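Chemist: Next up, final_11.cif (mmCIF, C-alpha atoms and all ligand atoms).
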data_data
#
loop_
_atom_site.label_atom_id
_atom_site.label_comp_id
_atom_site.auth_asym_id
_atom_site.auth_seq_id
_atom_site.Cartn_x
_atom_site.Cartn_y
_atom_site.Cartn_z
CA MET A 219 -79.16 -0.34 -148.10
CA ASN A 220 -76.83 1.74 -145.95
CA ALA A 221 -75.14 4.92 -147.09
CA LEU A 222 -71.35 4.77 -147.42
CA ILE A 223 -70.44 8.19 -146.07
CA ARG A 224 -70.32 8.46 -142.31
CA PRO A 225 -71.99 11.49 -140.64
CA LYS A 226 -68.60 12.76 -139.47
CA GLU A 227 -67.43 13.15 -143.07
CA TYR A 228 -69.95 15.95 -143.54
CA TYR A 229 -68.33 18.15 -140.87
CA SER A 230 -64.77 16.92 -140.31
CA THR A 231 -62.06 19.50 -141.02
CA ASP A 232 -59.59 16.72 -141.83
CA THR A 233 -61.98 15.17 -144.35
CA PHE A 234 -62.56 18.55 -145.94
CA ARG A 235 -58.80 19.10 -146.34
CA SER A 236 -58.36 15.63 -147.86
CA GLU A 237 -61.18 16.32 -150.35
CA GLN A 238 -59.32 19.37 -151.65
CA ASP A 239 -56.39 17.22 -152.77
CA SER A 240 -58.09 13.98 -153.67
CA ILE A 241 -61.20 15.33 -155.39
CA PHE A 242 -61.11 19.01 -156.31
CA LEU A 243 -57.48 19.14 -157.45
CA LYS A 244 -57.84 15.83 -159.33
CA THR A 245 -61.06 16.28 -161.31
CA TRP A 246 -62.26 18.64 -164.02
CA GLN A 247 -64.06 21.63 -162.52
CA CYS A 248 -66.52 23.78 -164.44
CA VAL A 249 -65.69 27.45 -163.83
CA GLY A 250 -68.30 29.15 -165.98
CA PHE A 251 -69.23 30.08 -169.51
CA LYS A 252 -67.21 30.86 -172.61
CA ARG A 253 -69.55 33.81 -173.25
CA ASP A 254 -68.10 35.46 -170.09
CA LEU A 255 -64.59 35.07 -171.54
CA ALA A 256 -65.36 36.19 -175.09
CA ASN A 257 -63.12 39.27 -175.22
CA ASP A 258 -59.39 39.76 -174.91
CA ARG A 259 -58.52 40.20 -171.20
CA ASP A 260 -61.86 38.85 -169.92
CA PHE A 261 -61.31 36.77 -166.80
CA ILE A 262 -63.09 34.60 -164.23
CA THR A 263 -61.71 33.69 -160.81
CA LYS A 264 -62.66 30.68 -158.69
CA GLU A 265 -61.64 29.03 -155.44
CA ILE A 266 -60.84 25.38 -156.14
CA GLY A 267 -59.15 22.90 -153.82
CA GLY A 268 -58.12 25.68 -151.46
CA LEU A 269 -56.49 27.67 -154.27
CA SER A 270 -57.51 30.81 -156.08
CA VAL A 271 -57.51 30.26 -159.85
CA VAL A 272 -57.86 32.74 -162.70
CA VAL A 273 -59.06 31.83 -166.18
CA GLN A 274 -58.23 34.57 -168.66
CA ASN A 275 -58.60 35.34 -172.35
CA PHE A 276 -55.26 36.24 -173.98
CA GLU A 277 -56.09 37.45 -177.49
CA GLY A 278 -58.57 34.64 -177.99
CA ASN A 279 -56.72 31.91 -176.09
CA LEU A 280 -58.04 30.80 -172.71
CA ARG A 281 -55.40 30.15 -170.06
CA ALA A 282 -55.73 29.26 -166.37
CA PHE A 283 -53.24 29.92 -163.59
CA THR A 284 -53.05 29.76 -159.83
CA ASN A 285 -54.01 33.34 -159.04
CA VAL A 286 -51.13 34.16 -156.70
CA CYS A 287 -48.41 36.66 -157.59
CA SER A 288 -44.89 35.24 -157.63
CA HIS A 289 -43.49 38.44 -156.09
CA ARG A 290 -45.08 38.43 -152.63
CA PHE A 291 -48.24 36.34 -152.88
CA ASN A 292 -50.97 38.90 -153.58
CA ARG A 293 -54.00 37.48 -155.40
CA ILE A 294 -53.66 38.92 -158.91
CA GLN A 295 -57.27 39.19 -160.10
CA THR A 296 -59.58 39.90 -157.18
CA ASP A 297 -63.04 40.15 -158.79
CA CYS A 298 -65.18 37.08 -159.61
CA LYS A 299 -65.23 38.17 -163.24
CA GLY A 300 -64.09 41.19 -165.22
CA ASN A 301 -61.78 42.53 -167.89
CA GLY A 302 -58.20 43.66 -167.46
CA PRO A 303 -54.58 42.60 -167.85
CA LEU A 304 -53.17 39.84 -165.67
CA GLN A 305 -51.38 42.39 -163.54
CA CYS A 306 -50.88 42.36 -159.79
CA ALA A 307 -52.33 45.41 -158.04
CA TYR A 308 -49.67 45.41 -155.31
CA HIS A 309 -46.41 46.29 -157.15
CA GLY A 310 -47.57 45.96 -160.73
CA TRP A 311 -46.06 42.70 -161.99
CA LEU A 312 -47.59 41.90 -165.37
CA TYR A 313 -47.98 38.29 -166.58
CA ASN A 314 -48.29 36.92 -170.12
CA ASP A 315 -50.25 33.98 -171.53
CA GLU A 316 -47.58 31.55 -170.33
CA GLY A 317 -47.79 32.89 -166.78
CA LEU A 318 -44.38 34.55 -167.06
CA PRO A 319 -43.85 37.91 -165.32
CA ILE A 320 -42.94 39.91 -168.41
CA GLY A 321 -43.39 43.32 -166.83
CA ILE A 322 -41.57 43.93 -163.54
CA PRO A 323 -41.47 47.57 -162.45
CA LYS A 324 -37.98 48.69 -161.43
CA ARG A 325 -36.56 45.32 -162.46
CA PRO A 326 -32.85 46.40 -162.14
CA ARG A 327 -33.40 46.83 -158.40
CA PHE A 328 -33.83 43.04 -158.03
CA ASP A 329 -30.59 41.05 -157.65
CA GLY A 330 -30.10 38.30 -160.22
CA MET A 331 -33.33 38.79 -162.12
CA THR A 332 -31.97 36.82 -165.10
CA PRO A 333 -34.13 35.22 -167.83
CA GLU A 334 -33.71 31.89 -165.99
CA ARG A 335 -34.91 33.46 -162.76
CA ILE A 336 -37.92 34.92 -164.59
CA ILE A 337 -38.84 31.42 -165.83
CA SER A 338 -38.67 30.09 -162.27
CA LEU A 339 -41.25 32.73 -161.29
CA LYS A 340 -43.81 31.49 -163.79
CA LEU A 341 -47.35 31.06 -162.45
CA LYS A 342 -48.58 27.48 -162.01
CA SER A 343 -50.77 26.70 -165.01
CA TRP A 344 -53.99 24.63 -165.06
CA ARG A 345 -55.44 22.76 -168.02
CA VAL A 346 -58.39 24.40 -169.79
CA GLU A 347 -60.90 22.58 -171.99
CA LEU A 348 -64.39 23.34 -173.28
CA CYS A 349 -67.63 21.42 -173.53
CA GLY A 350 -69.81 23.66 -175.66
CA ASP A 351 -70.11 26.97 -173.83
CA LEU A 352 -68.92 25.45 -170.55
CA VAL A 353 -65.32 26.10 -169.47
CA PHE A 354 -63.59 23.43 -167.40
CA ILE A 355 -60.17 23.50 -165.76
CA CYS A 356 -58.06 20.83 -164.07
CA ALA A 357 -54.97 21.10 -161.85
CA ASP A 358 -53.86 17.51 -162.41
CA THR A 359 -51.54 17.02 -165.38
CA GLU A 360 -52.07 13.23 -165.17
CA ALA A 361 -55.87 13.35 -165.29
CA PRO A 362 -57.69 12.12 -168.43
CA THR A 363 -58.83 14.69 -170.98
CA LEU A 364 -62.19 16.37 -170.39
CA ALA A 365 -63.78 14.28 -173.17
CA GLU A 366 -62.47 11.10 -171.53
CA TYR A 367 -63.62 12.25 -168.11
CA LEU A 368 -67.15 13.05 -169.31
CA GLY A 369 -67.39 9.95 -171.53
CA ALA A 370 -70.78 9.56 -173.22
CA THR A 371 -72.04 12.51 -171.18
CA PHE A 372 -69.83 14.88 -173.17
CA ASP A 373 -72.11 15.05 -176.25
CA PHE A 374 -75.25 15.38 -174.15
CA LEU A 375 -73.75 18.17 -172.07
CA GLU A 376 -72.35 19.93 -175.12
CA SER A 377 -75.74 19.96 -176.83
CA MET A 378 -77.38 21.41 -173.70
CA ALA A 379 -74.65 24.00 -173.19
CA ASN A 380 -74.83 25.09 -176.82
CA SER A 381 -78.60 25.53 -176.58
CA CYS A 382 -78.43 28.13 -173.81
CA GLY A 383 -79.76 31.50 -174.98
CA GLU A 384 -80.59 34.60 -172.94
CA LEU A 385 -79.71 34.63 -169.25
CA ILE A 386 -82.86 34.48 -167.10
CA ASP A 387 -81.35 34.45 -163.62
CA GLU A 388 -78.15 34.18 -161.61
CA ASN A 389 -78.76 33.31 -158.00
CA ILE A 390 -75.82 33.06 -155.57
CA MET A 391 -76.14 32.15 -151.91
CA VAL A 392 -73.99 30.75 -149.12
CA ILE A 393 -75.63 27.71 -147.57
CA GLN A 394 -74.56 26.53 -144.13
CA ALA A 395 -74.13 22.90 -145.13
CA ASN A 396 -71.35 20.69 -146.42
CA TRP A 397 -71.13 20.49 -150.23
CA LYS A 398 -71.93 16.75 -150.15
CA VAL A 399 -75.21 17.40 -148.33
CA LEU A 400 -76.25 19.74 -151.15
CA VAL A 401 -75.11 17.44 -153.95
CA GLU A 402 -76.90 14.45 -152.43
CA ASN A 403 -80.06 16.50 -152.00
CA THR A 404 -80.11 17.28 -155.70
CA LEU A 405 -79.54 13.62 -156.63
CA GLU A 406 -82.79 12.26 -155.25
CA SER A 407 -86.48 12.99 -155.72
CA TYR A 408 -87.58 11.17 -152.54
CA HIS A 409 -87.74 14.50 -150.67
CA VAL A 410 -89.74 16.36 -153.31
CA GLY A 411 -93.23 15.67 -151.93
CA PHE A 412 -92.27 16.91 -148.46
CA VAL A 413 -89.91 19.77 -149.19
CA HIS A 414 -91.40 21.09 -152.45
CA PRO A 415 -95.14 20.26 -152.34
CA ASN A 416 -96.13 23.51 -154.08
CA THR A 417 -93.16 23.88 -156.41
CA PHE A 418 -91.08 21.03 -157.79
CA ALA A 419 -93.71 18.38 -156.99
CA ARG A 420 -96.00 20.11 -159.49
CA LEU A 421 -93.36 20.16 -162.21
CA ALA A 422 -92.20 16.56 -162.42
CA THR A 423 -93.32 13.12 -161.35
CA SER A 424 -91.10 11.42 -158.77
CA GLN A 425 -90.63 8.32 -160.95
CA GLY A 426 -88.45 8.22 -164.03
CA ASP A 427 -85.32 6.50 -165.21
CA PHE A 428 -81.76 6.71 -164.00
CA GLU A 429 -79.04 6.64 -166.61
CA TRP A 430 -75.44 6.00 -165.66
CA ASP A 431 -72.16 7.05 -167.12
CA GLN A 432 -70.06 6.64 -164.00
CA PRO A 433 -69.17 8.72 -162.13
CA HIS A 434 -71.86 10.90 -163.71
CA SER A 435 -75.59 10.17 -163.67
CA ARG A 436 -78.85 11.40 -165.14
CA TRP A 437 -82.50 11.37 -164.12
CA VAL A 438 -85.14 11.56 -166.83
CA THR A 439 -88.78 11.88 -165.82
CA LYS A 440 -92.16 12.95 -167.15
CA LEU A 441 -93.69 16.30 -166.36
CA GLY A 442 -96.70 16.44 -164.04
CA THR A 443 -100.06 16.34 -165.84
CA LYS A 444 -101.20 19.79 -164.71
CA PHE A 445 -97.85 21.31 -165.63
CA VAL A 446 -98.06 19.80 -169.11
CA GLU A 447 -101.55 21.28 -169.55
CA ARG A 448 -100.28 24.71 -168.56
CA LEU A 449 -97.17 24.48 -170.68
CA GLY A 450 -99.04 22.99 -173.65
CA LYS A 451 -100.52 26.30 -174.73
CA LEU A 452 -97.12 27.98 -174.54
CA MET A 453 -95.03 25.38 -176.30
CA GLN A 454 -95.63 26.76 -179.80
CA VAL A 455 -93.45 29.75 -178.85
CA PHE A 456 -90.59 27.29 -178.34
CA GLU A 457 -91.12 25.39 -181.58
CA SER A 458 -87.77 26.59 -182.95
CA ARG A 459 -85.74 25.49 -179.91
CA PRO A 460 -82.68 23.41 -180.86
CA LEU A 461 -83.24 20.61 -178.33
CA LYS A 462 -86.70 19.10 -178.15
CA PHE A 463 -86.29 16.92 -175.06
CA GLU A 464 -89.31 15.25 -173.53
CA GLY A 465 -89.98 15.78 -169.85
CA TYR A 466 -87.50 16.89 -167.19
CA ILE A 467 -83.84 15.90 -167.36
CA HIS A 468 -81.36 16.31 -164.51
CA GLN A 469 -77.70 15.64 -165.29
CA PHE A 470 -75.07 15.34 -162.56
CA LEU A 471 -71.36 15.70 -163.24
CA PHE A 472 -69.13 14.38 -160.52
CA PRO A 473 -68.23 15.91 -158.18
CA ASN A 474 -70.26 19.13 -157.97
CA LEU A 475 -72.15 20.32 -161.06
CA THR A 476 -75.74 19.77 -162.21
CA VAL A 477 -77.53 20.77 -165.41
CA ALA A 478 -81.29 20.44 -165.75
CA THR A 479 -83.83 21.22 -168.45
CA THR A 480 -87.60 21.21 -168.80
CA GLN A 481 -88.46 20.08 -172.35
CA GLY A 482 -85.40 21.96 -173.65
CA THR A 483 -87.21 25.29 -173.05
CA SER A 484 -84.81 26.46 -170.32
CA PHE A 485 -81.54 25.23 -168.81
CA SER A 486 -80.64 25.46 -165.14
CA ILE A 487 -76.99 24.99 -164.15
CA GLN A 488 -75.92 24.66 -160.52
CA PHE A 489 -72.44 24.97 -159.07
CA PHE A 490 -71.72 23.69 -155.54
CA GLU A 491 -68.41 25.21 -154.44
CA PRO A 492 -67.12 24.17 -151.02
CA ILE A 493 -66.12 27.06 -148.73
CA ASP A 494 -65.31 24.97 -145.68
CA GLU A 495 -66.62 21.76 -144.10
CA ASN A 496 -69.80 23.51 -142.95
CA SER A 497 -70.63 25.89 -145.78
CA THR A 498 -70.95 25.97 -149.55
CA LYS A 499 -71.26 28.69 -152.16
CA PHE A 500 -74.27 27.78 -154.27
CA THR A 501 -74.69 29.36 -157.71
CA SER A 502 -77.66 28.74 -159.94
CA VAL A 503 -77.63 30.11 -163.47
CA VAL A 504 -80.74 29.78 -165.63
CA PHE A 505 -80.88 30.33 -169.38
CA GLN A 506 -83.77 30.45 -171.76
CA THR A 507 -83.31 28.20 -174.78
CA LYS A 508 -81.95 29.74 -177.97
CA LEU A 509 -84.85 30.65 -180.25
CA ASN A 510 -84.51 31.11 -183.95
CA GLY A 511 -86.59 34.18 -184.67
CA ALA A 512 -89.49 33.32 -182.38
CA ARG A 513 -88.70 36.01 -179.85
CA ALA A 514 -90.37 38.87 -181.72
CA SER A 515 -93.71 37.14 -182.08
CA GLY A 516 -93.80 35.58 -178.62
CA ALA A 517 -91.87 38.18 -176.60
CA ALA A 518 -94.60 38.80 -174.00
CA THR A 519 -95.19 35.09 -173.46
CA ILE A 520 -91.47 34.39 -173.18
CA ASP A 521 -90.89 37.23 -170.72
CA ALA A 522 -93.77 36.06 -168.53
CA LEU A 523 -92.52 32.49 -168.63
CA ASN A 524 -88.95 33.57 -167.82
CA GLN A 525 -90.19 35.43 -164.74
CA SER A 526 -92.11 32.36 -163.71
CA VAL A 527 -89.05 30.09 -164.25
CA LYS A 528 -86.90 32.47 -162.18
CA ALA A 529 -89.39 32.59 -159.29
CA PHE A 530 -89.87 28.83 -159.44
CA ASN A 531 -86.15 28.06 -159.27
CA ARG A 532 -85.54 30.48 -156.43
CA SER A 533 -88.41 29.00 -154.41
CA VAL A 534 -87.13 25.45 -154.90
CA PHE A 535 -83.57 26.36 -153.90
CA ASN A 536 -84.72 28.33 -150.86
CA GLU A 537 -86.70 25.28 -149.75
CA ASP A 538 -83.64 23.06 -150.25
CA LYS A 539 -81.44 25.52 -148.34
CA VAL A 540 -83.62 25.28 -145.22
CA ILE A 541 -83.63 21.49 -145.14
CA CYS A 542 -79.92 21.07 -145.99
CA GLU A 543 -78.89 23.40 -143.17
CA GLN A 544 -80.90 21.24 -140.77
CA VAL A 545 -79.17 18.10 -142.11
CA GLN A 546 -75.80 19.71 -141.45
CA ILE A 547 -76.77 20.34 -137.82
CA GLY A 548 -78.19 16.82 -137.43
CA ALA A 549 -75.09 15.09 -138.85
CA ARG A 550 -73.13 16.26 -135.80
CA MET A 551 -75.53 14.48 -133.46
CA THR A 552 -75.20 10.90 -134.68
CA ASP A 553 -72.59 8.33 -135.59
CA GLN A 554 -74.92 6.02 -137.53
CA TYR A 555 -74.83 5.61 -141.28
CA GLY A 556 -77.88 6.87 -143.21
CA VAL A 557 -80.23 4.53 -145.09
CA LEU A 558 -81.02 4.75 -148.81
CA SER A 559 -84.07 3.67 -150.84
CA ASP A 560 -84.08 2.74 -154.52
CA GLU A 561 -85.19 6.31 -155.23
CA GLU A 562 -81.80 7.38 -153.86
CA LEU A 563 -79.59 5.20 -156.06
CA ARG A 564 -77.82 8.23 -157.50
CA VAL A 565 -76.82 9.20 -153.95
CA LEU A 566 -75.32 5.74 -153.48
CA ASP A 567 -73.50 6.04 -156.81
CA PHE A 568 -72.11 9.43 -155.79
CA GLN A 569 -70.95 8.04 -152.45
CA GLN A 570 -69.25 5.07 -154.09
CA ARG A 571 -67.27 7.32 -156.39
CA TYR A 572 -66.51 9.69 -153.53
CA LYS A 573 -65.08 6.86 -151.43
CA THR A 574 -63.01 5.55 -154.35
CA GLN A 575 -61.64 8.99 -155.08
CA MET A 576 -60.78 9.58 -151.40
CA GLU A 577 -58.99 6.24 -151.12
CA HIS A 578 -56.67 7.25 -153.95
CA LEU A 579 -55.03 9.83 -151.73
FE1 LIG B 601 -47.59 41.12 -156.79
FE2 LIG B 601 -45.81 42.51 -155.51
S1 LIG B 601 -47.13 41.01 -154.70
S2 LIG B 601 -46.34 42.65 -157.57
#
Starting from the file, give its structure as structure tokens.

Modeler:
Amino acid sequence: MNALIRPKEYYSTDTFRSEQDSIFLKTWQCVGFKRDLANDRDFITKEIGGLSVVVQNFEGNLRAFTNVCSHRFNRIQTDCKGNGPLQCAYHGWLYNDEGLPIGIPKRPRFDGMTPERIISLKLKSWRVELCGDLVFICADTEAPTLAEYLGATFDFLESMANSCGELIDENIMVIQANWKVLVENTLESYHVGFVHPNTFARLATSQGDFEWDQPHSRWVTKLGTKFVERLGKLMQVFESRPLKFEGYIHQFLFPNLTVATTQGTSFSIQFFEPIDENSTKFTSVVFQTKLNGARASGAATIDALNQSVKAFNRSVFNEDKVICEQVQIGARMTDQYGVLSDEELRVLDFQQRYKTQMEHL
């Protein structure tokens, strides 16, 4: 079967601009973890659909706004995450939990700064909803709720997100490839034997089952025999883990988030954030499972395993980075559609949803 996305759509500036409106400003986007927004004034910033967005804790309530000051357009919060009031660093305008500028230095020096005028200067708000520890936001007021958007995947994702314990690794890199190249790479195991012969190919078998909850999809597969033998001796340390999944599970959430777990012992979450048509910010966050009291007795084993999980993930993603950057170069040199095998059905599913979403412009 032929792919549905033409090579040009991986590098066209016009396509990239259209995606901002038709995909990233229309769908729910995961921006991070509730644990990073636990305290009053904690905030996270993200670039979504060509806009800077801030998600901030206001005395326990999470709110999201376009992160651009109504005075003269400065970005209000400038760090990726932190703690502080929603106050612009340029002239000091201070915003409240409704996005209203409630503190304007030297306010009498502005003509006509009436209460009505203040309301007209309110920041544009985004919807905020949670799935377990994951925080999602959406710019579109007409979009379905997060629970409706995730469908049957909601419960599965919530149980995984709520099982995340200690942070093992956060790995951020800019990859010189279109975001769709990276997403499609993660949706198929056909490449594993060639690109990851000494890493991922030893973890999981390339078979397994696909499960669909359009536009989201899941791959469930068995672990490789040698890996199971190695892990077998260690599994008693994880006996108290909340989720006792079998094998390796890889969950994709349209358009650009993946969550994977090996037996429920660790959880790996990947964000693919488009920078421009030729580059993507890739963030991988890995958590150890929550453990009820097992840490003290198995601390050395857990620490060793965490180091191994961290090294493993980084090796796999470095291998993917190399190949995806070559794909990005190659896409410019052809006008033929790609070809997909039945091992790449999740790529086809992604492309179908992508085309549908783009046609709704
Ligand atoms: Fe924000 Fe002036 S630009 S206070």

Chemist: Set the cut-off to 12 Å, count all atoms listed in the file, and list whatever residues fall near ligand LIG 601 (chain B) as a PDB file with C-alpha atoms, in the frame of the given file.

Modeler:
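Final output, part.pdb:
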ATOM      1  CA  ASN A 285     -54.010  33.340-159.040  1.00  0.00           C
ATOM      2  CA  VAL A 286     -51.130  34.160-156.700  1.00  0.00           C
ATOM      3  CA  CYS A 287     -48.410  36.660-157.590  1.00  0.00           C
ATOM      4  CA  SER A 288     -44.890  35.240-157.630  1.00  0.00           C
ATOM      5  CA  HIS A 289     -43.490  38.440-156.090  1.00  0.00           C
ATOM      6  CA  ARG A 290     -45.080  38.430-152.630  1.00  0.00           C
ATOM      7  CA  PHE A 291     -48.240  36.340-152.880  1.00  0.00           C
ATOM      8  CA  ASN A 292     -50.970  38.900-153.580  1.00  0.00           C
ATOM      9  CA  ARG A 293     -54.000  37.480-155.400  1.00  0.00           C
ATOM     10  CA  ILE A 294     -53.660  38.920-158.910  1.00  0.00           C
ATOM     11  CA  GLN A 295     -57.270  39.190-160.100  1.00  0.00           C
ATOM     12  CA  LEU A 304     -53.170  39.840-165.670  1.00  0.00           C
ATOM     13  CA  GLN A 305     -51.380  42.390-163.540  1.00  0.00           C
ATOM     14  CA  CYS A 306     -50.880  42.360-159.790  1.00  0.00           C
ATOM     15  CA  ALA A 307     -52.330  45.410-158.040  1.00  0.00           C
ATOM     16  CA  TYR A 308     -49.670  45.410-155.310  1.00  0.00           C
ATOM     17  CA  HIS A 309     -46.410  46.290-157.150  1.00  0.00           C
ATOM     18  CA  GLY A 310     -47.570  45.960-160.730  1.00  0.00           C
ATOM     19  CA  TRP A 311     -46.060  42.700-161.990  1.00  0.00           C
ATOM     20  CA  LEU A 312     -47.590  41.900-165.370  1.00  0.00           C
ATOM     21  CA  TYR A 313     -47.980  38.290-166.580  1.00  0.00           C
ATOM     22  CA  PRO A 319     -43.850  37.910-165.320  1.00  0.00           C
ATOM     23  CA  ILE A 320     -42.940  39.910-168.410  1.00  0.00           C
ATOM     24  CA  GLY A 321     -43.390  43.320-166.830  1.00  0.00           C
ATOM     25  CA  ILE A 322     -41.570  43.930-163.540  1.00  0.00           C
ATOM     26  CA  PRO A 323     -41.470  47.570-162.450  1.00  0.00           C
ATOM     27  CA  LYS A 324     -37.980  48.690-161.430  1.00  0.00           C
ATOM     28  CA  ARG A 325     -36.560  45.320-162.460  1.00  0.00           C
ATOM     29  CA  LEU A 339     -41.250  32.730-161.290  1.00  0.00           C
ATOM     30  CA  LEU A 341     -47.350  31.060-162.450  1.00  0.00           C
TER      31      LEU A 341
END

Chemist: Would you pick out the contacts of His434 (chain A) at 12 Å or less, using all atoms listed in the file, so that residues sharing its chain but fewer than 2 positions from it are not included, and give the list as an mmCIF file with C-alpha atoms, in the coordinates of the input?

Modeler:
data_model
loop_
_atom_site.group_PDB
_atom_site.id
_atom_site.type_symbol
_atom_site.label_atom_id
_atom_site.label_comp_id
_atom_site.auth_asym_id
_atom_site.auth_seq_id
_atom_site.Cartn_x
_atom_site.Cartn_y
_atom_site.Cartn_z
ATOM 1 C CA TYR A 367 -63.620 12.250 -168.110
ATOM 2 C CA LEU A 368 -67.150 13.050 -169.310
ATOM 3 C CA GLY A 369 -67.390 9.950 -171.530
ATOM 4 C CA ALA A 370 -70.780 9.560 -173.220
ATOM 5 C CA THR A 371 -72.040 12.510 -171.180
ATOM 6 C CA PHE A 372 -69.830 14.880 -173.170
ATOM 7 C CA PHE A 374 -75.250 15.380 -174.150
ATOM 8 C CA LEU A 375 -73.750 18.170 -172.070
ATOM 9 C CA LEU A 405 -79.540 13.620 -156.630
ATOM 10 C CA PHE A 428 -81.760 6.710 -164.000
ATOM 11 C CA GLU A 429 -79.040 6.640 -166.610
ATOM 12 C CA TRP A 430 -75.440 6.000 -165.660
ATOM 13 C CA ASP A 431 -72.160 7.050 -167.120
ATOM 14 C CA GLN A 432 -70.060 6.640 -164.000
ATOM 15 C CA ARG A 436 -78.850 11.400 -165.140
ATOM 16 C CA TRP A 437 -82.500 11.370 -164.120
ATOM 17 C CA HIS A 468 -81.360 16.310 -164.510
ATOM 18 C CA GLN A 469 -77.700 15.640 -165.290
ATOM 19 C CA PHE A 470 -75.070 15.340 -162.560
ATOM 20 C CA LEU A 471 -71.360 15.700 -163.240
ATOM 21 C CA PHE A 472 -69.130 14.380 -160.520
ATOM 22 C CA PRO A 473 -68.230 15.910 -158.180
ATOM 23 C CA ASN A 474 -70.260 19.130 -157.970
ATOM 24 C CA LEU A 475 -72.150 20.320 -161.060
ATOM 25 C CA THR A 476 -75.740 19.770 -162.210
ATOM 26 C CA VAL A 477 -77.530 20.770 -165.410
ATOM 27 C CA ARG A 564 -77.820 8.230 -157.500
ATOM 28 C CA VAL A 565 -76.820 9.200 -153.950
ATOM 29 C CA LEU A 566 -75.320 5.740 -153.480
ATOM 30 C CA ASP A 567 -73.500 6.040 -156.810
ATOM 31 C CA PHE A 568 -72.110 9.430 -155.790
ATOM 32 C CA GLN A 569 -70.950 8.040 -152.450
ATOM 33 C CA GLN A 570 -69.250 5.070 -154.090
ATOM 34 C CA ARG A 571 -67.270 7.320 -156.390
ATOM 35 C CA TYR A 572 -66.510 9.690 -153.530
#

Chemist: From the list A:Leu243, A:Leu509, A:Met576, A:Val534, which residue is nearest Glu360 (chain A) when using all atoms listed in the file?

Modeler: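 Using all atoms listed in the file, Glu360 (chain A) sits closest to A:Leu243.
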
Chemist: With all atoms listed in the file as the atoms that count, which of A:Thr439, A:Asn403, A:Thr332, A:Thr501 lies nearest to Thr479 (chain A)?

Modeler: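 Residue with the minimum atom-to-atom distance to Thr479 (chain A): A:Thr439.
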
Chemist: For Ser230 (chain A), which of A:Cys248, A:Ala365, A:Ala549, A:Val503 is the closest residue, counting only C-alpha atoms?

Modeler: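 Using only C-alpha atoms, Ser230 (chain A) sits closest to A:Ala549.
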
Chemist: For Gly465 (chain A), which residue out of A:Gly516, A:Gly411, A:Gly300, A:Gly426 is the nearest one, using all atoms listed in the file?

Modeler: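 Closest to Gly465 (chain A), using all atoms listed in the file: A:Gly426.
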
Chemist: Name the residues, using the chain letters and numbers of the file, that sit within 9 Å of (-73.8, 17.4, -136.1) when counting all atoms listed in the file, and give them as a list in words.

Modeler: Pro225, Lys226, Tyr228, Tyr229, Val545, Gln546, Ile547, Gly548, Ala549, Arg550, Met551 and Thr552 of chain A

Chemist: Using C-alpha atoms, can you export the residues from the last selection as a tab-separated table (two decimals), in the coordinates of the input?

Modeler:
chain	number	residue	atom	x	y	z
A	225	PRO	CA	-71.99	11.49	-140.64
A	226	LYS	CA	-68.60	12.76	-139.47
A	228	TYR	CA	-69.95	15.95	-143.54
A	229	TYR	CA	-68.33	18.15	-140.87
A	545	VAL	CA	-79.17	18.10	-142.11
A	546	GLN	CA	-75.80	19.71	-141.45
A	547	ILE	CA	-76.77	20.34	-137.82
A	548	GLY	CA	-78.19	16.82	-137.43
A	549	ALA	CA	-75.09	15.09	-138.85
A	550	ARG	CA	-73.13	16.26	-135.80
A	551	MET	CA	-75.53	14.48	-133.46
A	552	THR	CA	-75.20	10.90	-134.68

Chemist: Which of these residues is nearest to Glu537 (chain A), using only C-alpha atoms: A:Val353, A:Leu400, A:Leu364, A:Val249?

Modeler: A:Leu400

Chemist: Considering only C-alpha atoms, state which residue in the set A:Gly317, A:Ser526, A:Thr498, A:Lys299 is at the smallest distance from Ser338 (chain A).

Modeler: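 Comparing A:Gly317, A:Ser526, A:Thr498, A:Lys299 against Ser338 (chain A), the winner is A:Gly317.
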
Chemist: Kindly extract all protein, DNA and RNA residues lying within 9 Å of the coordinates (-58.7, 30.7, -167.3) given in the file, considering only C-alpha atoms, and supply them as a VMD selection string.

Modeler: chain A and resid 249 255 261 to 263 271 to 275 280 to 283 344 to 346 353 to 355

Chemist: Quick check, in Å to one decimal: how far apart do CA of Trp397 (chain A) and CA of Ala357 (chain A) lie?

Modeler: 19.9 Å
